[in-house]
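Some notes on the structure that comes next.
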Amino acid sequence: MTYDGHTTPSARGTEIVLELLSIRKISVSEMDNNAYLLRCRSTGAQLLVDAADEAPRLLEMVAEGSGPLETVVTTHQHWDHHRALAEVVRATGATTVCGADDAAGMPLPPDRTVGQGDQVRFGDVVLDVIHLRGHTPGSIALAYGDPHGHTHLFTGDSLFPGGVGNTRNPGQSFDSLIEDVTTRVFDVYDDDTHVHPGHGADTTLGAERPHLQEWHERGW
C-alpha cells in the first residue's frame, strides 16, 4: 500500500511506513472524515486518531494491524469525529483521550483529558499535544517528531490545505485559532512538517506558510 496523502470513503486507505511508526489513513462517512491508525513498529501497539464513523471498517483496520488498540484520541468534540467512538471502545477496551475543554461534549466521558504540552504515549511512541483553540474550545493536534525524518502533525479540523478550520459558528473564534496555529504550529515546526488533517488531502507546513498573511487578512 503506497501513501499519496488522500483517500476516499470507498477506498481501502493509504499507508506510510516510517522507521518506528506506521500511519494508515482511511476516509469514512459522507463527510470524508479521516481516521488515522498509528502503529508502533517495535511493540505492535496501536492508537486511533478520530473514531469518526463506520465502526466495522475501523475495527477491521485495527484487526489488520499488529497488536491491541491501546488508545483512541479524539481531536475535538464535533459529532462527525466521534460517531464510532462508543462502538470501537466497546470492542477493544481502548483508553479514550480528548482535549480537556471539549470533554463535556464527548459521547463518552474520556478516560484522560490533555492540554498544551502534554504527551500521549503508546508502545514506544510519544505524541506531543498541541492545544489549538478556536474551532472548538478544546481542539487538539498531535505531533510525532520522527527521529529519522520530519515531524507529522494530526491536526483535526484546525488546519487544512488552504487555511484553518471553520470559525463561523457561535462560540468559535478565528482570532484564537489563527493565533494558536501561527504560534504553536508554524512558529515551532519546520517546512518539512507533514500535516494530516481531519478531512481531505494532506499538506506540509512549507506549502501553507506563504499563505499565512493571506489567511489573516481574509479572516477565515
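Ordering of the C-alpha cells sets the chain letters (A, B, ...); residue numbers start at 1 within each chain; ligands are numbered from 1 in the order shown.
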Write out as a list in words the residues lying within 7 Å of stretch 72-81 of chain A, counting only C-alpha atoms and excluding same-chain residues fewer than 5 positions away.
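So the residues in contact are Leu47, Leu48, Val49, Asp50, Ala51, Ala52, Ala94, Thr95, Thr96, Val97, Cys98, Gly99, Asp102, Gly105, Met106, Thr136, Gly138, Ser139, Ile140, Ala141 and Gly156 of chain A.
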Keeping all heavy atoms for every residue in the selection just given, could you write it to a file as a CSV table (one decimal), in the first residue's frame?
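result-v3.csv written:
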```csv
chain,number,residue,atom,x,y,z
A,47,LEU,N,-2.8,3.1,18.1
A,47,LEU,CA,-3.5,4.3,18.5
A,47,LEU,C,-4.4,4.8,17.3
A,47,LEU,O,-3.9,4.9,16.2
A,47,LEU,CB,-2.6,5.3,19.0
A,47,LEU,CG,-3.2,6.7,19.5
A,47,LEU,CD1,-2.5,7.3,20.7
A,47,LEU,CD2,-3.3,7.7,18.3
A,48,LEU,N,-5.6,5.1,17.6
A,48,LEU,CA,-6.5,5.6,16.6
A,48,LEU,C,-6.8,7.1,16.8
A,48,LEU,O,-7.1,7.5,17.9
A,48,LEU,CB,-7.8,4.8,16.6
A,48,LEU,CG,-8.9,5.2,15.5
A,48,LEU,CD1,-8.4,4.9,14.1
A,48,LEU,CD2,-10.2,4.5,15.8
A,49,VAL,N,-6.6,7.9,15.8
A,49,VAL,CA,-7.0,9.3,15.8
A,49,VAL,C,-8.3,9.5,15.1
A,49,VAL,O,-8.4,9.2,13.9
A,49,VAL,CB,-5.9,10.2,15.1
A,49,VAL,CG1,-6.3,11.6,15.2
A,49,VAL,CG2,-4.5,10.0,15.7
A,50,ASP,N,-9.3,9.8,15.9
A,50,ASP,CA,-10.7,10.1,15.5
A,50,ASP,C,-11.4,8.8,15.0
A,50,ASP,O,-11.3,8.4,13.8
A,50,ASP,CB,-10.8,11.2,14.4
A,50,ASP,CG,-10.5,12.6,15.0
A,50,ASP,OD1,-10.6,12.7,16.2
A,50,ASP,OD2,-10.4,13.5,14.2
A,51,ALA,N,-12.2,8.3,15.9
A,51,ALA,CA,-13.2,7.2,15.5
A,51,ALA,C,-14.4,7.8,14.9
A,51,ALA,O,-15.5,7.9,15.6
A,51,ALA,CB,-13.5,6.3,16.7
A,52,ALA,N,-14.3,8.3,13.7
A,52,ALA,CA,-15.2,9.3,13.2
A,52,ALA,C,-16.6,8.6,12.8
A,52,ALA,O,-17.6,9.2,13.0
A,52,ALA,CB,-14.6,10.0,12.0
A,94,ALA,N,-10.2,0.2,24.5
A,94,ALA,CA,-9.2,1.2,24.3
A,94,ALA,C,-9.4,2.4,25.3
A,94,ALA,O,-10.6,2.7,25.6
A,94,ALA,CB,-9.1,1.7,22.9
A,95,THR,N,-8.4,3.0,25.7
A,95,THR,CA,-8.5,4.2,26.6
A,95,THR,C,-8.8,5.4,25.7
A,95,THR,O,-8.3,5.5,24.6
A,95,THR,CB,-7.1,4.5,27.2
A,95,THR,OG1,-6.8,3.4,28.1
A,95,THR,CG2,-7.1,5.8,28.0
A,96,THR,N,-9.7,6.3,26.2
A,96,THR,CA,-10.1,7.4,25.4
A,96,THR,C,-9.5,8.7,25.9
A,96,THR,O,-9.3,8.9,27.1
A,96,THR,CB,-11.6,7.6,25.4
A,96,THR,OG1,-12.1,7.7,26.8
A,96,THR,CG2,-12.3,6.4,24.8
A,97,VAL,N,-9.1,9.6,24.9
A,97,VAL,CA,-8.4,10.8,25.2
A,97,VAL,C,-9.0,11.9,24.4
A,97,VAL,O,-9.3,11.7,23.2
A,97,VAL,CB,-6.9,10.7,24.9
A,97,VAL,CG1,-6.1,12.0,25.2
A,97,VAL,CG2,-6.2,9.5,25.7
A,98,CYS,N,-9.1,13.1,25.0
A,98,CYS,CA,-9.5,14.3,24.2
A,98,CYS,C,-9.0,15.5,25.0
A,98,CYS,O,-8.5,15.4,26.1
A,98,CYS,CB,-11.0,14.3,24.1
A,98,CYS,SG,-12.0,14.7,25.5
A,99,GLY,N,-9.2,16.7,24.3
A,99,GLY,CA,-8.8,17.9,25.0
A,99,GLY,C,-9.7,18.2,26.1
A,99,GLY,O,-10.9,18.0,26.1
A,102,ASP,N,-13.0,20.1,25.8
A,102,ASP,CA,-14.0,19.5,24.9
A,102,ASP,C,-14.6,18.3,25.6
A,102,ASP,O,-15.5,17.7,25.0
A,102,ASP,CB,-13.4,19.1,23.6
A,102,ASP,CG,-13.4,20.2,22.6
A,102,ASP,OD1,-13.8,21.3,22.9
A,102,ASP,OD2,-13.1,19.9,21.4
A,105,GLY,N,-18.4,17.7,25.8
A,105,GLY,CA,-19.2,17.5,24.6
A,105,GLY,C,-18.9,16.1,23.9
A,105,GLY,O,-19.4,15.9,22.8
A,106,MET,N,-18.2,15.2,24.6
A,106,MET,CA,-18.0,13.9,24.1
A,106,MET,C,-19.1,12.9,24.4
A,106,MET,O,-19.8,13.1,25.4
A,106,MET,CB,-16.6,13.4,24.7
A,106,MET,CG,-15.4,14.3,24.3
A,106,MET,SD,-15.1,14.2,22.5
A,106,MET,CE,-14.7,12.5,22.3
A,136,THR,N,-13.0,24.5,18.2
A,136,THR,CA,-13.8,24.2,19.4
A,136,THR,C,-12.8,24.7,20.6
A,136,THR,O,-11.6,24.8,20.4
A,136,THR,CB,-14.1,22.7,19.6
A,136,THR,OG1,-12.9,22.0,19.7
A,136,THR,CG2,-14.9,22.2,18.4
A,138,GLY,N,-11.6,23.0,23.0
A,138,GLY,CA,-10.6,22.0,23.4
A,138,GLY,C,-9.9,21.3,22.2
A,138,GLY,O,-9.3,20.2,22.4
A,139,SER,N,-10.0,21.8,21.0
A,139,SER,CA,-9.4,21.1,19.9
A,139,SER,C,-7.9,20.9,20.1
A,139,SER,O,-7.2,21.8,20.7
A,139,SER,CB,-9.5,22.0,18.6
A,139,SER,OG,-10.9,22.0,18.1
A,140,ILE,N,-7.4,19.7,19.8
A,140,ILE,CA,-6.0,19.4,19.9
A,140,ILE,C,-5.5,18.9,18.6
A,140,ILE,O,-6.2,18.3,17.8
A,140,ILE,CB,-5.7,18.4,21.0
A,140,ILE,CG1,-6.5,17.1,20.8
A,140,ILE,CG2,-6.1,19.0,22.4
A,140,ILE,CD1,-6.1,16.0,21.7
A,141,ALA,N,-4.2,19.1,18.4
A,141,ALA,CA,-3.4,18.4,17.4
A,141,ALA,C,-2.4,17.5,18.1
A,141,ALA,O,-2.0,17.7,19.3
A,141,ALA,CB,-2.7,19.4,16.5
A,156,GLY,N,-6.7,17.5,13.1
A,156,GLY,CA,-8.2,17.5,13.2
A,156,GLY,C,-8.7,18.5,12.3
A,156,GLY,O,-8.4,18.6,11.1
```
Residue list (strand (DSSP E or B), DSSP) for stretch 7-206 of chain A, as a PyMOL selection string:
chain A and resi 14-17+21-28+33-40+46-49+69-74+95-99+112-114+119-122+125-131+140-145+151-156+159-160+163-164+194-197+199+203-204
Can I get the residues of stretch 55-75 of chain A within 9 Å of stretch 17-39 of chain A, each with the closest pair of atoms and their distance in Å to one decimal, using only C-alpha atoms, sorted chain first then ascending number, as JSON lines?
```
{"residue": "A:Arg57", "atom": "CA", "partner": "A:Val28", "partner_atom": "CA", "distance": 8.3}
{"residue": "A:Leu58", "atom": "CA", "partner": "A:Ala35", "partner_atom": "CA", "distance": 8.0}
{"residue": "A:Met61", "atom": "CA", "partner": "A:Leu37", "partner_atom": "CA", "distance": 7.8}
{"residue": "A:Val62", "atom": "CA", "partner": "A:Leu37", "partner_atom": "CA", "distance": 7.4}
{"residue": "A:Gly65", "atom": "CA", "partner": "A:Arg39", "partner_atom": "CA", "distance": 7.4}
{"residue": "A:Ser66", "atom": "CA", "partner": "A:Arg39", "partner_atom": "CA", "distance": 7.4}
{"residue": "A:Gly67", "atom": "CA", "partner": "A:Arg39", "partner_atom": "CA", "distance": 8.3}
{"residue": "A:Leu69", "atom": "CA", "partner": "A:Arg39", "partner_atom": "CA", "distance": 9.0}
```
Selection near A:Leu153, 8 Å with only C-alpha atoms, sequence-local residues under 6 positions removed, as JSON, numbers by chain
{"A": [141, 142, 143, 144, 193, 194, 195, 196]}
Pick from A:Ala84, A:Val89, A:Ala63, A:Ala207, whichever lies nearest to A:Pro110 using only C-alpha atoms:
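Using only C-alpha atoms, the shortest distance to A:Pro110 belongs to A:Val89.
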Give me, please, the distance in Å between atom CA of A:Val114 and atom CA of A:Ala100, quoted to one decimal.
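Atom-to-atom, atom CA of A:Val114 and atom CA of A:Ala100 are spaced 5.4 Å apart.
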Separation of atom CA of A:Val188 from atom CA of A:Ala201, in Å and rounded to one decimal:
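One can read the atom CA of A:Val188 to atom CA of A:Ala201 distance as 22.3 Å.
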Using only C-alpha atoms for the distances, tell me which of A:Glu54, A:Asp202, A:Asp190, A:Glu179 is nearest to A:Gly5.
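The shortest atom-to-atom distance to A:Gly5 comes from A:Asp202.
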Return as a PyMOL selection string the full set of residues in stretch 18-192 of chain A whose backbone-based DSSP assignment is helix (DSSP H, G or I).
chain A and resi 55-63+79-81+85-92+100-105+174-186
Among listed residues A:Pro109, A:Gly171, A:Pro56, A:Gly115, nearest A:Gly134 (using only C-alpha atoms):
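Using only C-alpha atoms, the shortest distance to A:Gly134 belongs to A:Gly171.
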What is the atom CA of A:Phe122 to atom CA of A:Gly206 distance in Å?
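Interatomic distance here is 28.6 Å.
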